[in-house]
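In what follows, a structure is listed as structure tokens, so that the remarks can point back to it.
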Amino acid sequence: MHHALKDVVRTPKRCFGVGQAVVIGLVALTGCHQPDPPPAAYAGPTLASADLGLVEAVETSANGFVILEPDGSQGRFPAALAVVKLEKPSPLFVYDDPLFVADRGWEIANIREEEAAYWNGLLKRIPESRSVHVLGRSNVISPDCGLDDVLEAVARLKVDLCLIYGPRMCSDVDNAALGGVILDVKTGNHLAYVQSEAGPLDFEPPRRDRSKYDRSHVDVNYLAARRFEREVRRCFMELIARDTPAASTQPSPWRYIHESRVPAGTVPVQIVPNRRTGG
């Protein structure tokens, strides 16, 4: 009787062990999930050379720049830089104005604050850089204006150089790429062409100072944008190196008059302070 009671007592323990294993297995299965896929690369319209005012495409490496100015400059720096990003309007955009043209071209984009922060700090600690101005739709009369209208808006801000950029065609559908030009605001001349590209092979390890939900290290759009900014900085430094500083001293406007302009036969007059003259 004693042994039978012992077996009865042990039976629930064995059953509990099986149930516990099942519960642990379910927890393990629900905890194992596939990581989120990387953000998709930009797949919208891309800029053509003519959209940037270029006669033909500029050949350069996937990440690099080309100086288009044949000769160096003189007295261009220190200079301020305006940044203008182009985008295509959404095809779902509807506007009931009878004068509205449905097939619109590229427009000036409103750059997000976090993206504008990268531009604002790009040229810090460079004495030849006066400032960086990030432009948006509110800086122009109409967002679908041409290059000349953009330069006029930049000139009103007393800015010397203007970077106009946007998405460009890349070598692979999984890649993202950017391209743009730097123009002289006064003359409208193209000074340089800059471009960048990033793909899955450029993914970076997760950053310890970022949230675990931050996917920027595997976002080809983010990586291409950061590379583009670095190439713009390198291009800006090259333009500085090709510039000759303006002369620090200028000819004096004052001239020394050698000949005497006092009429002949004039009697000299002496003035003595605190004394009366005459009768």
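Ordering of the structure tokens sets the chain letters (A, B, ...), residue numbers begin anew at 1 in every chain, and ligands are numbered from 1 in the order given.
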Inset, instruction - Going by DSSP on the backbone, which bits of stretch 101-249 of chain A are helix (DSSP H, G or I)? Write them as a VMD selection string, please. - result: chain A and resid 113 to 120 137 to 139 147 to 156 200 to 202 216 to 218 220 to 241
Inset, instruction - Excluding A:Val55 and any residue of its chain fewer than 4 positions from it, enumerate the residues within 12 Å of it, using only C-alpha atoms, and give them as a PyMOL selection string. - result: chain A and resi 48-51+68+190
Report as a PDB file with all heavy atoms, in the first residue's frame all protein, DNA and RNA residues lying within 9 Å of A:Asp202, evaluated on only C-alpha atoms, omitting residues in the same chain fewer than 4 positions from it.
ATOM      1  N   ALA A 198      25.405  53.207 -53.595  1.00  0.00           N
ATOM      2  CA  ALA A 198      25.560  52.222 -52.523  1.00  0.00           C
ATOM      3  C   ALA A 198      24.633  51.056 -52.786  1.00  0.00           C
ATOM      4  O   ALA A 198      23.534  51.222 -53.319  1.00  0.00           O
ATOM      5  CB  ALA A 198      25.256  52.842 -51.161  1.00  0.00           C
ATOM      6  N   HIS A 217      22.049  51.266 -41.205  1.00  0.00           N
ATOM      7  CA  HIS A 217      23.303  50.623 -41.624  1.00  0.00           C
ATOM      8  C   HIS A 217      23.089  49.617 -42.752  1.00  0.00           C
ATOM      9  O   HIS A 217      24.055  49.181 -43.386  1.00  0.00           O
ATOM     10  CB  HIS A 217      23.966  49.930 -40.427  1.00  0.00           C
ATOM     11  CG  HIS A 217      23.128  48.857 -39.807  1.00  0.00           C
ATOM     12  ND1 HIS A 217      22.006  49.130 -39.065  1.00  0.00           N
ATOM     13  CD2 HIS A 217      23.248  47.503 -39.830  1.00  0.00           C
ATOM     14  CE1 HIS A 217      21.475  47.995 -38.644  1.00  0.00           C
ATOM     15  NE2 HIS A 217      22.200  46.999 -39.097  1.00  0.00           N
ATOM     16  N   VAL A 218      21.818  49.226 -43.014  1.00  0.00           N
ATOM     17  CA  VAL A 218      21.501  48.338 -44.134  1.00  0.00           C
ATOM     18  C   VAL A 218      20.516  49.007 -45.096  1.00  0.00           C
ATOM     19  O   VAL A 218      19.828  48.330 -45.861  1.00  0.00           O
ATOM     20  CB  VAL A 218      20.933  46.997 -43.622  1.00  0.00           C
ATOM     21  CG1 VAL A 218      21.999  46.201 -42.886  1.00  0.00           C
ATOM     22  CG2 VAL A 218      19.710  47.223 -42.736  1.00  0.00           C
ATOM     23  N   VAL A 220      20.323  51.222 -48.263  1.00  0.00           N
ATOM     24  CA  VAL A 220      21.180  51.704 -49.347  1.00  0.00           C
ATOM     25  C   VAL A 220      20.906  53.169 -49.655  1.00  0.00           C
ATOM     26  O   VAL A 220      21.806  53.901 -50.106  1.00  0.00           O
ATOM     27  CB  VAL A 220      20.999  50.838 -50.609  1.00  0.00           C
ATOM     28  CG1 VAL A 220      21.536  49.436 -50.378  1.00  0.00           C
ATOM     29  CG2 VAL A 220      19.536  50.783 -51.043  1.00  0.00           C
ATOM     30  N   LEU A 223      22.924  55.082 -47.032  1.00  0.00           N
ATOM     31  CA  LEU A 223      24.360  54.966 -47.286  1.00  0.00           C
ATOM     32  C   LEU A 223      24.769  55.778 -48.509  1.00  0.00           C
ATOM     33  O   LEU A 223      25.827  56.424 -48.514  1.00  0.00           O
ATOM     34  CB  LEU A 223      24.732  53.487 -47.474  1.00  0.00           C
ATOM     35  CG  LEU A 223      24.468  52.579 -46.270  1.00  0.00           C
ATOM     36  CD1 LEU A 223      24.764  51.131 -46.634  1.00  0.00           C
ATOM     37  CD2 LEU A 223      25.305  53.016 -45.073  1.00  0.00           C
TER      38      LEU A 223
END
Legend entry - Non-local contacts of A:Asp219 (8 Å; only C-alpha atoms; under 6 positions in same chain excluded) as a PyMOL selection string: chain A and resi 38-41+203
Legend entry - Using only C-alpha atoms: which of A:Pro273, A:Pro268, A:Pro263, A:Gly180 has the shortest distance to A:Tyr193: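 So, comparing all the options, the nearest one is A:Gly180.
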Inset, instruction - Determine the nearest neighbour of A:Phe228 from the options A:Val267, A:Leu122, A:Met169, A:Ala153, counting only C-alpha atoms. - result: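 Of the candidates, the smallest distance to A:Phe228 is held by A:Leu122.
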Legend entry - Atom-to-atom span, atom CA of A:Leu47 and atom CA of A:Val194, Å: 12.9 Å
Inset, instruction - Please provide the set of residues having any atom within 12 Å of A:Ala117, restricted to only C-alpha atoms, with same-chain residues fewer than 3 positions apart removed, written as a list in words. - result: Val83, Ile111, Arg112, Glu113, Glu114, Asn120, Gly121, Leu122, Leu123, Lys124, Val132, His133, Val134, Arg226 and Glu229 of chain A
Can you spit out the residues from that selection as an mmCIF file, in the first residue's frame, using C-alpha atoms?
data_model
loop_
_atom_site.group_PDB
_atom_site.id
_atom_site.type_symbol
_atom_site.label_atom_id
_atom_site.label_comp_id
_atom_site.auth_asym_id
_atom_site.auth_seq_id
_atom_site.Cartn_x
_atom_site.Cartn_y
_atom_site.Cartn_z
ATOM 1 C CA VAL A 83 21.649 72.924 -51.336
ATOM 2 C CA ILE A 111 14.493 68.209 -47.355
ATOM 3 C CA ARG A 112 13.698 66.469 -44.075
ATOM 4 C CA GLU A 113 15.137 68.023 -40.931
ATOM 5 C CA GLU A 114 17.363 65.053 -40.108
ATOM 6 C CA ASN A 120 24.334 72.095 -42.238
ATOM 7 C CA GLY A 121 27.284 70.437 -40.517
ATOM 8 C CA LEU A 122 29.071 69.261 -43.654
ATOM 9 C CA LEU A 123 31.438 72.204 -44.125
ATOM 10 C CA LYS A 124 32.018 73.187 -40.513
ATOM 11 C CA VAL A 132 25.316 76.212 -45.947
ATOM 12 C CA HIS A 133 21.707 77.057 -46.839
ATOM 13 C CA VAL A 134 19.227 74.206 -47.346
ATOM 14 C CA ARG A 226 26.086 59.911 -46.727
ATOM 15 C CA GLU A 229 27.714 64.345 -48.875
#
Legend entry - Residue nearest A:Glu115 among A:Lys85, A:Asp174, A:Gly72, A:Arg156 (counting only C-alpha atoms): A:Lys85
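Of the listed residues (A:Glu69, A:Asp144, A:Asp214, A:Asp243), A:Glu69 comes nearest to A:Ile182; the distances count only C-alpha atoms.
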Inset, instruction - Using DSSP on the backbone, list every residue of stretch 12-210 of chain A that comes out as strand (DSSP E), and give them as a ChimeraX atom specification. - result: /A:64-67,73-74,79-87,107-108,129-134,161-167,176-184,190-198
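Residues in contact range of A:Arg168, defined as at most 10 Å between only C-alpha atoms, with sequence neighbours fewer than 2 positions away removed, read Tyr42, Gly44, Pro45, Thr46, Leu47, Ala48, Ser49, Tyr165, Gly166, Cys170, Ala176, Ala177, Leu178, Gly179, Gly180, Gln195, Ser196 and Glu197 of chain A.
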Legend entry - Distance query A:Asn110 at most 12 Å, only C-alpha atoms, self and fewer than 6 positions along chain excluded, as a ChimeraX atom specification: /A:83-89,116,134-140,143
Deliver the residues from the most recent selection as a file, using N, CA, C and O atoms, as an mmCIF file, in the first residue's frame.
data_model
loop_
_atom_site.group_PDB
_atom_site.id
_atom_site.type_symbol
_atom_site.label_atom_id
_atom_site.label_comp_id
_atom_site.auth_asym_id
_atom_site.auth_seq_id
_atom_site.Cartn_x
_atom_site.Cartn_y
_atom_site.Cartn_z
ATOM 1 N N VAL A 83 21.915 74.325 -51.010
ATOM 2 C CA VAL A 83 21.649 72.924 -51.336
ATOM 3 C C VAL A 83 20.192 72.801 -51.773
ATOM 4 O O VAL A 83 19.280 73.167 -51.026
ATOM 5 N N VAL A 84 19.973 72.287 -52.979
ATOM 6 C CA VAL A 84 18.630 72.128 -53.537
ATOM 7 C C VAL A 84 18.479 70.679 -53.997
ATOM 8 O O VAL A 84 19.278 70.197 -54.806
ATOM 9 N N LYS A 85 17.460 70.002 -53.485
ATOM 10 C CA LYS A 85 17.188 68.617 -53.877
ATOM 11 C C LYS A 85 15.973 68.588 -54.796
ATOM 12 O O LYS A 85 14.980 69.278 -54.560
ATOM 13 N N LEU A 86 16.041 67.770 -55.854
ATOM 14 C CA LEU A 86 14.954 67.643 -56.811
ATOM 15 C C LEU A 86 14.228 66.316 -56.611
ATOM 16 O O LEU A 86 14.835 65.316 -56.242
ATOM 17 N N GLU A 87 12.929 66.326 -56.872
ATOM 18 C CA GLU A 87 12.122 65.123 -56.778
ATOM 19 C C GLU A 87 11.015 65.196 -57.822
ATOM 20 O O GLU A 87 10.656 66.268 -58.301
ATOM 21 N N LYS A 88 10.466 64.026 -58.164
ATOM 22 C CA LYS A 88 9.323 63.967 -59.071
ATOM 23 C C LYS A 88 8.043 63.991 -58.249
ATOM 24 O O LYS A 88 7.943 63.314 -57.231
ATOM 25 N N PRO A 89 7.036 64.768 -58.654
ATOM 26 C CA PRO A 89 5.776 64.767 -57.908
ATOM 27 C C PRO A 89 5.077 63.425 -58.019
ATOM 28 O O PRO A 89 5.272 62.675 -58.971
ATOM 29 N N ALA A 116 18.666 67.547 -43.510
ATOM 30 C CA ALA A 116 19.225 68.898 -43.576
ATOM 31 C C ALA A 116 20.324 69.092 -42.540
ATOM 32 O O ALA A 116 21.265 69.866 -42.758
ATOM 33 N N VAL A 134 20.060 75.270 -46.791
ATOM 34 C CA VAL A 134 19.227 74.206 -47.346
ATOM 35 C C VAL A 134 17.910 74.821 -47.803
ATOM 36 O O VAL A 134 17.136 75.326 -46.988
ATOM 37 N N LEU A 135 17.653 74.790 -49.103
ATOM 38 C CA LEU A 135 16.459 75.415 -49.671
ATOM 39 C C LEU A 135 15.316 74.412 -49.797
ATOM 40 O O LEU A 135 15.552 73.195 -49.860
ATOM 41 N N GLY A 136 14.095 74.951 -49.833
ATOM 42 C CA GLY A 136 12.896 74.134 -50.018
ATOM 43 C C GLY A 136 11.902 74.824 -50.926
ATOM 44 O O GLY A 136 12.214 75.816 -51.602
ATOM 45 N N ARG A 137 10.676 74.333 -50.924
ATOM 46 C CA ARG A 137 9.648 74.873 -51.806
ATOM 47 C C ARG A 137 9.319 76.329 -51.506
ATOM 48 O O ARG A 137 8.939 77.092 -52.399
ATOM 49 N N SER A 138 9.436 76.724 -50.246
ATOM 50 C CA SER A 138 9.063 78.089 -49.879
ATOM 51 C C SER A 138 10.045 79.132 -50.394
ATOM 52 O O SER A 138 9.746 80.325 -50.346
ATOM 53 N N ASN A 139 11.212 78.709 -50.890
ATOM 54 C CA ASN A 139 12.203 79.660 -51.374
ATOM 55 C C ASN A 139 11.970 80.094 -52.813
ATOM 56 O O ASN A 139 12.628 81.013 -53.299
ATOM 57 N N VAL A 140 11.062 79.431 -53.516
ATOM 58 C CA VAL A 140 10.788 79.770 -54.919
ATOM 59 C C VAL A 140 9.300 80.025 -55.088
ATOM 60 O O VAL A 140 8.479 79.621 -54.257
ATOM 61 N N PRO A 143 7.389 75.381 -57.229
ATOM 62 C CA PRO A 143 8.382 74.318 -57.033
ATOM 63 C C PRO A 143 8.864 73.682 -58.326
ATOM 64 O O PRO A 143 9.946 73.091 -58.350
#
